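Enquirer: Pasting run-v6.cif below, which is mmCIF, N, CA and C atoms.
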data_start
loop_
_atom_site.label_atom_id
_atom_site.label_comp_id
_atom_site.auth_asym_id
_atom_site.auth_seq_id
_atom_site.Cartn_x
_atom_site.Cartn_y
_atom_site.Cartn_z
N MET A 1 -22.54 20.79 28.81
CA MET A 1 -23.09 21.59 27.73
C MET A 1 -22.90 23.08 28.00
N GLN A 2 -23.06 23.50 29.26
CA GLN A 2 -22.93 24.91 29.58
C GLN A 2 -21.52 25.40 29.26
N LYS A 3 -20.50 24.60 29.54
CA LYS A 3 -19.13 24.99 29.24
C LYS A 3 -18.94 25.15 27.74
N GLN A 4 -19.50 24.24 26.96
CA GLN A 4 -19.40 24.31 25.51
C GLN A 4 -20.08 25.57 24.99
N LEU A 5 -21.24 25.91 25.54
CA LEU A 5 -21.94 27.12 25.11
C LEU A 5 -21.14 28.37 25.41
N LYS A 6 -20.44 28.37 26.53
CA LYS A 6 -19.64 29.54 26.90
C LYS A 6 -18.48 29.75 25.93
N GLN A 7 -18.09 28.72 25.23
CA GLN A 7 -17.04 28.87 24.22
C GLN A 7 -17.62 29.39 22.91
N ILE A 8 -18.90 29.18 22.68
CA ILE A 8 -19.55 29.63 21.44
C ILE A 8 -20.18 31.00 21.63
N VAL A 9 -20.89 31.18 22.72
CA VAL A 9 -21.55 32.45 23.01
C VAL A 9 -20.75 33.16 24.09
N ILE A 10 -20.28 34.36 23.76
CA ILE A 10 -19.49 35.12 24.72
C ILE A 10 -20.09 36.50 24.91
N SER A 11 -19.70 37.13 25.99
CA SER A 11 -20.12 38.50 26.26
C SER A 11 -18.89 39.28 26.69
N ASP A 12 -18.57 40.32 25.94
CA ASP A 12 -17.39 41.14 26.20
C ASP A 12 -17.82 42.60 26.10
N PRO A 13 -17.60 43.39 27.13
CA PRO A 13 -18.02 44.79 27.09
C PRO A 13 -17.45 45.58 25.91
N LYS A 14 -16.36 45.08 25.32
CA LYS A 14 -15.74 45.77 24.19
C LYS A 14 -16.37 45.40 22.85
N VAL A 15 -17.25 44.41 22.86
CA VAL A 15 -17.87 43.93 21.62
C VAL A 15 -19.39 44.09 21.74
N MET A 16 -19.96 44.86 20.86
CA MET A 16 -21.42 45.05 20.80
C MET A 16 -22.02 45.43 22.16
N MET A 17 -21.31 46.29 22.89
CA MET A 17 -21.76 46.79 24.19
C MET A 17 -22.04 45.68 25.20
N GLY A 18 -21.34 44.57 25.07
CA GLY A 18 -21.47 43.49 26.03
C GLY A 18 -22.60 42.52 25.78
N LYS A 19 -23.35 42.72 24.67
CA LYS A 19 -24.42 41.79 24.35
C LYS A 19 -23.80 40.43 24.02
N PRO A 20 -24.50 39.34 24.32
CA PRO A 20 -23.99 38.02 23.94
C PRO A 20 -23.86 37.90 22.42
N VAL A 21 -22.70 37.47 21.98
CA VAL A 21 -22.42 37.29 20.55
C VAL A 21 -21.82 35.92 20.33
N ILE A 22 -21.80 35.51 19.07
CA ILE A 22 -21.12 34.28 18.70
C ILE A 22 -19.62 34.60 18.66
N ALA A 23 -18.83 33.79 19.35
CA ALA A 23 -17.39 34.02 19.46
C ALA A 23 -16.77 34.22 18.09
N GLY A 24 -15.90 35.23 18.01
CA GLY A 24 -15.20 35.52 16.77
C GLY A 24 -16.00 36.34 15.77
N THR A 25 -17.20 36.76 16.18
CA THR A 25 -18.05 37.56 15.30
C THR A 25 -18.64 38.72 16.09
N ARG A 26 -19.36 39.57 15.40
CA ARG A 26 -20.15 40.61 16.05
C ARG A 26 -21.64 40.31 15.85
N ILE A 27 -21.95 39.05 15.62
CA ILE A 27 -23.33 38.61 15.40
C ILE A 27 -23.93 38.29 16.76
N THR A 28 -24.97 39.03 17.13
CA THR A 28 -25.56 38.87 18.45
C THR A 28 -26.53 37.69 18.49
N VAL A 29 -26.66 37.14 19.68
CA VAL A 29 -27.67 36.11 19.92
C VAL A 29 -29.03 36.70 19.61
N GLU A 30 -29.23 37.93 20.02
CA GLU A 30 -30.50 38.62 19.77
C GLU A 30 -30.86 38.63 18.29
N LEU A 31 -29.91 38.93 17.43
CA LEU A 31 -30.16 38.96 15.98
C LEU A 31 -30.58 37.58 15.48
N ILE A 32 -29.88 36.56 15.92
CA ILE A 32 -30.21 35.20 15.49
C ILE A 32 -31.63 34.84 15.92
N LEU A 33 -31.97 35.13 17.17
CA LEU A 33 -33.30 34.82 17.67
C LEU A 33 -34.38 35.60 16.92
N GLU A 34 -34.10 36.87 16.61
CA GLU A 34 -35.07 37.68 15.86
C GLU A 34 -35.30 37.09 14.47
N LYS A 35 -34.23 36.66 13.82
CA LYS A 35 -34.36 36.08 12.49
C LYS A 35 -35.16 34.78 12.52
N LEU A 36 -34.90 33.95 13.52
CA LEU A 36 -35.65 32.71 13.65
C LEU A 36 -37.12 33.00 13.93
N ALA A 37 -37.38 33.97 14.80
CA ALA A 37 -38.76 34.34 15.14
C ALA A 37 -39.50 34.90 13.93
N ALA A 38 -38.76 35.52 13.02
CA ALA A 38 -39.36 36.09 11.81
C ALA A 38 -39.61 35.02 10.74
N GLY A 39 -39.19 33.78 11.03
CA GLY A 39 -39.47 32.70 10.10
C GLY A 39 -38.30 32.27 9.24
N GLU A 40 -37.13 32.88 9.43
CA GLU A 40 -35.98 32.44 8.65
C GLU A 40 -35.52 31.07 9.13
N THR A 41 -35.03 30.29 8.22
CA THR A 41 -34.50 28.97 8.56
C THR A 41 -33.02 29.12 8.95
N PRO A 42 -32.49 28.15 9.67
CA PRO A 42 -31.06 28.20 9.97
C PRO A 42 -30.21 28.30 8.69
N GLU A 43 -30.63 27.62 7.65
CA GLU A 43 -29.89 27.67 6.39
C GLU A 43 -29.87 29.09 5.81
N GLN A 44 -30.99 29.80 5.89
CA GLN A 44 -31.04 31.17 5.39
C GLN A 44 -30.15 32.09 6.23
N ILE A 45 -30.14 31.88 7.52
CA ILE A 45 -29.29 32.69 8.40
C ILE A 45 -27.82 32.44 8.10
N ILE A 46 -27.45 31.17 7.92
CA ILE A 46 -26.06 30.83 7.61
C ILE A 46 -25.67 31.41 6.25
N GLU A 47 -26.58 31.38 5.30
CA GLU A 47 -26.30 31.94 3.98
C GLU A 47 -26.04 33.45 4.09
N ALA A 48 -26.81 34.13 4.92
CA ALA A 48 -26.65 35.58 5.10
C ALA A 48 -25.43 35.91 5.96
N HIS A 49 -25.04 34.99 6.81
CA HIS A 49 -23.92 35.21 7.74
C HIS A 49 -23.01 33.98 7.69
N PRO A 50 -22.15 33.89 6.68
CA PRO A 50 -21.34 32.68 6.46
C PRO A 50 -20.41 32.30 7.61
N ARG A 51 -20.16 33.20 8.53
CA ARG A 51 -19.30 32.86 9.67
C ARG A 51 -20.05 32.03 10.72
N LEU A 52 -21.35 31.90 10.56
CA LEU A 52 -22.15 31.09 11.47
C LEU A 52 -22.24 29.66 10.97
N ASN A 53 -22.58 28.77 11.88
CA ASN A 53 -22.88 27.38 11.52
C ASN A 53 -24.06 26.93 12.37
N ARG A 54 -24.52 25.72 12.14
CA ARG A 54 -25.69 25.22 12.87
C ARG A 54 -25.43 25.16 14.37
N GLU A 55 -24.22 24.82 14.76
CA GLU A 55 -23.88 24.75 16.17
C GLU A 55 -24.04 26.12 16.84
N ALA A 56 -23.63 27.18 16.14
CA ALA A 56 -23.77 28.53 16.69
C ALA A 56 -25.24 28.91 16.85
N ILE A 57 -26.06 28.53 15.90
CA ILE A 57 -27.49 28.83 15.98
C ILE A 57 -28.12 28.05 17.12
N GLN A 58 -27.74 26.79 17.28
CA GLN A 58 -28.25 25.99 18.40
C GLN A 58 -27.81 26.57 19.74
N ALA A 59 -26.58 27.07 19.79
CA ALA A 59 -26.08 27.68 21.03
C ALA A 59 -26.87 28.95 21.35
N ALA A 60 -27.20 29.73 20.32
CA ALA A 60 -27.99 30.95 20.53
C ALA A 60 -29.37 30.60 21.10
N LEU A 61 -29.94 29.53 20.62
CA LEU A 61 -31.24 29.09 21.15
C LEU A 61 -31.10 28.57 22.59
N ALA A 62 -30.08 27.82 22.85
CA ALA A 62 -29.90 27.19 24.16
C ALA A 62 -29.52 28.19 25.24
N VAL A 63 -28.83 29.25 24.88
CA VAL A 63 -28.34 30.20 25.88
C VAL A 63 -29.49 30.85 26.65
N ARG A 64 -30.66 30.90 26.08
CA ARG A 64 -31.81 31.47 26.76
C ARG A 64 -32.21 30.64 27.99
N TYR A 65 -31.84 29.40 28.02
CA TYR A 65 -32.28 28.50 29.08
C TYR A 65 -31.23 28.26 30.16
N ILE A 66 -30.12 28.95 30.07
CA ILE A 66 -29.05 28.76 31.06
C ILE A 66 -29.19 29.80 32.15
#
Kindly transcribe the structure held in the file into structure tokens.
Expert:
Amino acid sequence: MQKQLKQIVISDPKVMMGKPVIAGTRITVELILEKLAAGETPEQIIEAHPRLNREAIQAALAVRYI
């Protein structure tokens, strides 16, 4: 699972100052977690950010535990 997460969540100093982001986007894990904490559903987040999917949101949640 950790290998799979590393393909979804990446950290590159050239992208968003090295914050963990969803691969291929500039959407940070931090943003996803903030939206979930504020009560948004995964569906609402995906609607607002169409480049995301449920797997990306699950990876953002799981990355905190690695």
Enquirer: Evaluated on this file, the PyMOL selection byres ((chain A and resi 60) around 8) picks out some residues - which ones are they, written as a list in words?
Expert: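 Given this file, the PyMOL selection byres ((chain A and resi 60) around 8) evaluates to Leu5, Ile8, Val9, Val21, Ile22, Thr28, Val29, Glu30, Ile32, Leu33, Arg54, Glu55, Ala56, Ile57, Gln58, Ala59, Leu61, Ala62, Val63, Arg64 and Tyr65 of chain A.
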Enquirer: I need the residues of region 5-54 of chain A that end up classed as helix (DSSP H, G or I) by DSSP on the backbone, written out as a list in words.
Expert: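 Filtering region 5-54 of chain A down to helix (DSSP H, G or I) leaves Leu5, Lys6, Gln7, Ile8, Met16, Met17, Gly18, Val29, Glu30, Leu31, Ile32, Leu33, Glu34, Lys35, Leu36, Ala37, Pro42, Glu43, Gln44, Ile45, Ile46, Glu47, Ala48 and Arg54 of chain A.
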Enquirer: How many Å lie between CA of Ala37 (chain A) and atom C of Arg51 (chain A), rounded to one decimal?
Expert: 19.4 Å
Enquirer: What separation in Å, quoted to one decimal, exists between CA of His49 (chain A) and CA of Val15 (chain A)?
Expert: 17.5 Å
Enquirer: Please report, as lines of an AutoDock Vina configuration file, the centre and edge lengths in Å to one decimal of an axis-aligned box covering all listed atoms of region 32-35 of chain A with 6 Å per side.
Expert:
center_x = -32.6
center_y = 36.2
center_z = 15.1
size_x = 17.4
size_y = 14.9
size_z = 17.2
Enquirer: So which one's closest to Gln7 (chain A), A:Pro50, A:Glu40, A:Gly24, A:Lys19? Using only N, CA and C atoms, please.
Expert: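 Once distances to Gln7 (chain A) are computed over only N, CA and C atoms, the minimum belongs to A:Gly24.
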Enquirer: If you measure from CA of Lys14 (chain A) to atom N of Asn53 (chain A), what distance in Å do you get, rounded to one decimal?
Expert: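 These two atoms are separated by 22.1 Å.
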Enquirer: For the strand (DSSP E) assignment from backbone DSSP, which residues of chain A qualify? Please present them as a list in words.
Expert: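 Those residues are Val9, Ile10, Val21 and Ile22 of chain A.
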